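Following: one structure in structure tokens, then a few remarks.
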Amino acid sequence: MRDMKSTVVCAVLAVGFALLPVPMGAHHGTNQSYDRSAPITVEGVVTEFRYKNPHPQLFIDVTDKDGKTTPWAIEIAPTPYTLALRGWSRSRSTEALKPGTVVRVTLAPSHAGTPVGLLREIVDTQGVEILGDLGSPLRAGPE
Amino acid sequence: MRHRVLFRSAIIVVSGLVAGSTMLAQGSQPSPKVSNWGYQAEGPDPELPPLDPNEPFDAHDFSGVWATDHRGTNGFRSMTDEDGTPPRTAWAQEVYLSRKTARPHKGKEAVEPAFGNDPIMACNPKGLLRLFMYTDPAEFIHTSTGDRILMTFQSQGSTRNIWMDGRALPIDPEPRWNGYSVGRWEGDTLVIDTIGFDDRAWLDQYGNVYSEDMRLEERWRRVGRDTLEAVYRIDDPRSYTRPWISTTKIWRRQAHELREVFCAPMDEQYFNEVIRDPAGGVIQP
């Protein structure tokens with residue numbers, strides 16, 4: 001009986017999520033999604049880095065003390081244009097963030113509690129900053 | 001005797017004119033060369049040559065790459081600050097409220113970006129005014145014939161012609177995202193009149209409004225080797241009960257060339273799927 005009830009609950013939740021409206025690619029101002037007042041720091045391994053518009057994206061696997069791995073998707077506010085102006089070209093950035101690189105990331109997590117965040121700082125195992133000073137983009141930046 | 005005095009005077013005047021124009025030609029320096037990106041893996045960042053405040057410049061030459069200096073606006077990039085927005089007509093107010101954005105603004109709630117409806121997030125054109133309000137630079141290019149000045153925007157790779165050949169504005173223009181522009185010099189001020197706008201573009205990231213009937217006047221001045229000043233004026237009775245005149249915008253010369261920044265729908269869609277939607281708690285089916 002309990003199993004059936006659990007199954008029904010799961011089914012209802014699944015249907016409910018499936019019915020959530022899916023916007024047709026017209027959202028804006030991603031900063032609004034993140035809690036910049038409560039940044040967190042995680043350590044993880046880079047799985048992918050995309051030096052692309054509208055904002056570069058970093059994907060890392062974070063493993064907790066219980067051995068559970070969570071994939072995080074991280075938005076990088078400065079655009080490739082802005083990064084390049086600061087000396088972080090595509091090749092330099094891509095090399096510094098190649099898959100397998102261990103990084104410590106400080107980010108503003110999503111209000112929704114999903115493993116998505118806005119990058120505030122990223123350093124390598126030597127404590128060297130990657131991508132330069134990312135603090136300023138957390139103020140009102142380009143849309 | 002009188003003829004000799006006149007002749008000598010003429011010689012002196014002509015010599016003075018020749019010397020003056022030569023000095024002017026030598027003194028008006030060409031605009032600093034725009035650096036390429038070098039394609040080097042690491043710096044140095046391009047830099048402008050050292051600026052001598054007394055360095056002469058051609059006030060009618062806007063050649064180069066310029067970007068609006070938004071410092072001091074606290075991130076609020078529009079014609080004026082929020083309090084400077086003129087009263088909207090009922091039509092404009094209705095349109096304004098229908099535009100959902102995550103950017104906080106007076107009189108309208110910000111929404112989760114996953115549920116916004118900003119058309120640029122589907123790579124629709126920003127439109128001329130919003131390009132002015134953006135952070136990316138633009139380049140002025142004078143044609144050799146002088147018939148027009150091109151203004152190319154890094155954002156979206158958008159370009160507009162500023163026709164300088166004395167033509168009138170079109171009588172019945174079709175709506176254009178960047179409008180149709182004609183320009184003229186009033187002394188050292190470049191005055192640009194633009195009509196024929198597509199009203200689906202947002203004026204700024206807050207969803208401010210303009211109609212197809214808007215008449216935009218821009219007044220540009222080069223005030224230094226590396227500085228332009230611009231004032232934009234909107235006359236749009238369909239949207240505002242009075243003209244909206246911007247604060248003076250400062251455009252600063254950039255040392256580097258424009259970068260290619262098209263809005264590629266595939267990039268935008270991918271970003272929505274992996275970042276924006278999950279960040280907003282929206283789960284794709």
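By convention in this document, the chains of the structure tokens carry letters A, B, ... by their order, each chain's residues are numbered from 1, and ligands are numbered from 1 in the order they are shown.
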
Practice prompt. Report as a VMD selection string the set of chain B residues whose atoms approach chain A to within 8 Å, with distances computed over only C-alpha atoms.
Written response: chain B and resid 40 to 45 74 to 76 101 to 103 111 to 122 134 to 135 205 259 261 263 267 to 269 271 to 272 274 to 276 278 to 285

Considering only alpha helix (DSSP H) as DSSP defines it on the backbone, what residues of region 28-135 of chain A qualify? List them as a PDB file with N, CA and C atoms, in the first residue's frame.
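Written output follows (part34.pdb):
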ATOM      1  N   PRO A  80      32.936  36.456 -23.809  1.00  0.00           N
ATOM      2  CA  PRO A  80      34.260  36.216 -24.408  1.00  0.00           C
ATOM      3  C   PRO A  80      34.966  37.507 -24.801  1.00  0.00           C
ATOM      4  N   TYR A  81      34.191  38.479 -25.303  1.00  0.00           N
ATOM      5  CA  TYR A  81      34.766  39.782 -25.671  1.00  0.00           C
ATOM      6  C   TYR A  81      35.420  40.433 -24.456  1.00  0.00           C
ATOM      7  N   THR A  82      34.702  40.461 -23.336  1.00  0.00           N
ATOM      8  CA  THR A  82      35.220  41.099 -22.127  1.00  0.00           C
ATOM      9  C   THR A  82      36.417  40.338 -21.582  1.00  0.00           C
ATOM     10  N   LEU A  83      36.330  39.016 -21.577  1.00  0.00           N
ATOM     11  CA  LEU A  83      37.458  38.217 -21.092  1.00  0.00           C
ATOM     12  C   LEU A  83      38.703  38.476 -21.937  1.00  0.00           C
ATOM     13  N   ALA A  84      38.512  38.532 -23.252  1.00  0.00           N
ATOM     14  CA  ALA A  84      39.665  38.748 -24.133  1.00  0.00           C
ATOM     15  C   ALA A  84      40.305  40.103 -23.869  1.00  0.00           C
ATOM     16  N   LEU A  85      39.486  41.106 -23.589  1.00  0.00           N
ATOM     17  CA  LEU A  85      40.024  42.437 -23.277  1.00  0.00           C
ATOM     18  C   LEU A  85      40.905  42.392 -22.037  1.00  0.00           C
ATOM     19  N   ARG A  90      40.585  32.929 -25.777  1.00  0.00           N
ATOM     20  CA  ARG A  90      39.978  31.594 -25.831  1.00  0.00           C
ATOM     21  C   ARG A  90      41.006  30.522 -25.502  1.00  0.00           C
ATOM     22  N   SER A  91      42.188  30.612 -26.106  1.00  0.00           N
ATOM     23  CA  SER A  91      43.166  29.547 -25.890  1.00  0.00           C
ATOM     24  C   SER A  91      43.669  29.553 -24.459  1.00  0.00           C
ATOM     25  N   ARG A  92      43.908  30.744 -23.921  1.00  0.00           N
ATOM     26  CA  ARG A  92      44.406  30.807 -22.542  1.00  0.00           C
ATOM     27  C   ARG A  92      43.357  30.266 -21.583  1.00  0.00           C
ATOM     28  N   SER A  93      42.111  30.682 -21.783  1.00  0.00           N
ATOM     29  CA  SER A  93      41.035  30.257 -20.874  1.00  0.00           C
ATOM     30  C   SER A  93      40.778  28.759 -21.001  1.00  0.00           C
ATOM     31  N   THR A  94      40.735  28.295 -22.240  1.00  0.00           N
ATOM     32  CA  THR A  94      40.426  26.882 -22.476  1.00  0.00           C
ATOM     33  C   THR A  94      41.522  25.988 -21.907  1.00  0.00           C
ATOM     34  N   GLU A  95      42.764  26.418 -22.033  1.00  0.00           N
ATOM     35  CA  GLU A  95      43.881  25.641 -21.483  1.00  0.00           C
ATOM     36  C   GLU A  95      43.789  25.599 -19.958  1.00  0.00           C
ATOM     37  N   ALA A  96      43.482  26.739 -19.360  1.00  0.00           N
ATOM     38  CA  ALA A  96      43.419  26.805 -17.892  1.00  0.00           C
ATOM     39  C   ALA A  96      42.254  25.999 -17.340  1.00  0.00           C
TER      40      ALA A  96
END

Counting only C-alpha atoms, closest pick from B:Glu260, B:Asp58, B:Glu218, B:Asp147 relative to Leu129 (chain B) is B:Glu218

Problem set entry | Computed interatomic separation between CA of Gly179 (chain B) and CA of Glu229 (chain B) (Å) |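 CA of Glu229 (chain B) lies 21.2 Å from CA of Gly179 (chain B).
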
Between CA of Trp244 (chain B) and CA of Thr73 (chain B) lies a distance of 17.6 Å

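Between CA of Leu131 (chain A) and CA of Pro49 (chain B) there is a distance of 26.5 Å.
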
For Leu119 (chain A), find every residue with an atom within 9 Å (counting only C-alpha atoms), except residues of its own chain fewer than 3 positions away, and show them as a PyMOL selection string. chain A and resi 58+74-77+105-109+122+134-135+138

Put those residues in a file: N, CA and C atoms, as a JSON list (two decimals), in the first residue's frame.
[["chain", "number", "residue", "atom", "x", "y", "z"],
["A", 58, "LEU", "N", 30.82, 26.88, -17.56],
["A", 58, "LEU", "CA", 31.78, 25.93, -16.96],
["A", 58, "LEU", "C", 30.98, 24.83, -16.29],
["A", 74, "ILE", "N", 27.82, 26.29, -14.37],
["A", 74, "ILE", "CA", 28.21, 27.60, -13.83],
["A", 74, "ILE", "C", 28.26, 28.62, -14.95],
["A", 75, "GLU", "N", 27.56, 29.71, -14.70],
["A", 75, "GLU", "CA", 27.55, 30.81, -15.67],
["A", 75, "GLU", "C", 28.69, 31.76, -15.36],
["A", 76, "ILE", "N", 29.36, 32.21, -16.40],
["A", 76, "ILE", "CA", 30.45, 33.18, -16.26],
["A", 76, "ILE", "C", 29.98, 34.49, -16.88],
["A", 77, "ALA", "N", 29.81, 35.51, -16.05],
["A", 77, "ALA", "CA", 29.17, 36.74, -16.53],
["A", 77, "ALA", "C", 29.92, 37.47, -17.64],
["A", 105, "VAL", "N", 35.79, 26.80, -6.65],
["A", 105, "VAL", "CA", 34.88, 27.78, -7.26],
["A", 105, "VAL", "C", 34.03, 28.44, -6.18],
["A", 106, "THR", "N", 33.99, 29.75, -6.19],
["A", 106, "THR", "CA", 33.03, 30.48, -5.35],
["A", 106, "THR", "C", 31.96, 31.02, -6.27],
["A", 107, "LEU", "N", 30.72, 30.73, -5.92],
["A", 107, "LEU", "CA", 29.64, 31.12, -6.82],
["A", 107, "LEU", "C", 28.40, 31.54, -6.02],
["A", 108, "ALA", "N", 27.55, 32.25, -6.71],
["A", 108, "ALA", "CA", 26.24, 32.60, -6.16],
["A", 108, "ALA", "C", 25.28, 31.52, -6.61],
["A", 109, "PRO", "N", 24.73, 30.74, -5.71],
["A", 109, "PRO", "CA", 23.90, 29.61, -6.12],
["A", 109, "PRO", "C", 22.51, 30.06, -6.57],
["A", 122, "ILE", "N", 37.32, 31.81, -9.28],
["A", 122, "ILE", "CA", 37.78, 30.44, -9.54],
["A", 122, "ILE", "C", 39.30, 30.42, -9.45],
["A", 134, "LEU", "N", 36.49, 38.45, -11.26],
["A", 134, "LEU", "CA", 35.11, 38.27, -11.69],
["A", 134, "LEU", "C", 34.14, 38.95, -10.75],
["A", 135, "GLY", "N", 34.65, 39.65, -9.75],
["A", 135, "GLY", "CA", 33.76, 40.28, -8.78],
["A", 135, "GLY", "C", 32.87, 41.32, -9.41],
["A", 138, "LEU", "N", 29.35, 40.85, -11.04],
["A", 138, "LEU", "CA", 28.19, 40.51, -10.22],
["A", 138, "LEU", "C", 27.36, 41.75, -9.89]]

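Considering only C-alpha atoms, the residue among B:Val231, B:Leu97, B:Met164, B:Met214 positioned nearest to Thr248 (chain B) is B:Val231.
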
(request) Would you mind telling me which residue in A:Arg120, A:Arg104, A:Val128, A:Leu97 lies nearest to Phe49 (chain A) when using only C-alpha atoms? (result)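 Going through A:Arg120, A:Arg104, A:Val128, A:Leu97 one by one, the smallest distance to Phe49 (chain A) is for A:Leu97.
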
Could you tell me, as a VMD selection string, which residues of region 66-252 of chain B DSSP assigns to strand (DSSP E or B) when given the backbone?
chain B and resid 66 to 68 88 105 108 138 to 142 148 to 153 155 159 to 163 176 180 to 186 189 to 195 197 215 to 224 227 to 235 240 244 to 245 249 to 252

Name all residues at most 12 Å from Asp83 (chain B) (count only C-alpha atoms; drop same-chain ones fewer than 4 positions away) and give them as a list of chain:residue names.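 Neighbouring residues, sequence-local ones excluded: B:Phe76, B:Ser78, B:Met79, B:Pro87, B:His105, B:Lys106, B:Gly107, B:Trp244, B:Ser246.
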
Output file for the residues above (C-alpha atoms, as a PDB file, in the first residue's frame):
ATOM      1  CA  PHE B  76      21.019  51.753 -15.099  1.00  0.00           C
ATOM      2  CA  SER B  78      18.791  54.185 -20.485  1.00  0.00           C
ATOM      3  CA  MET B  79      18.107  57.682 -21.814  1.00  0.00           C
ATOM      4  CA  PRO B  87       4.973  60.087 -18.426  1.00  0.00           C
ATOM      5  CA  HIS B 105      12.849  48.775 -12.370  1.00  0.00           C
ATOM      6  CA  LYS B 106      10.362  51.101 -10.729  1.00  0.00           C
ATOM      7  CA  GLY B 107       6.730  50.396 -11.362  1.00  0.00           C
ATOM      8  CA  TRP B 244      12.544  62.525 -23.752  1.00  0.00           C
ATOM      9  CA  SER B 246      18.892  61.934 -22.667  1.00  0.00           C
TER      10      SER B 246
END
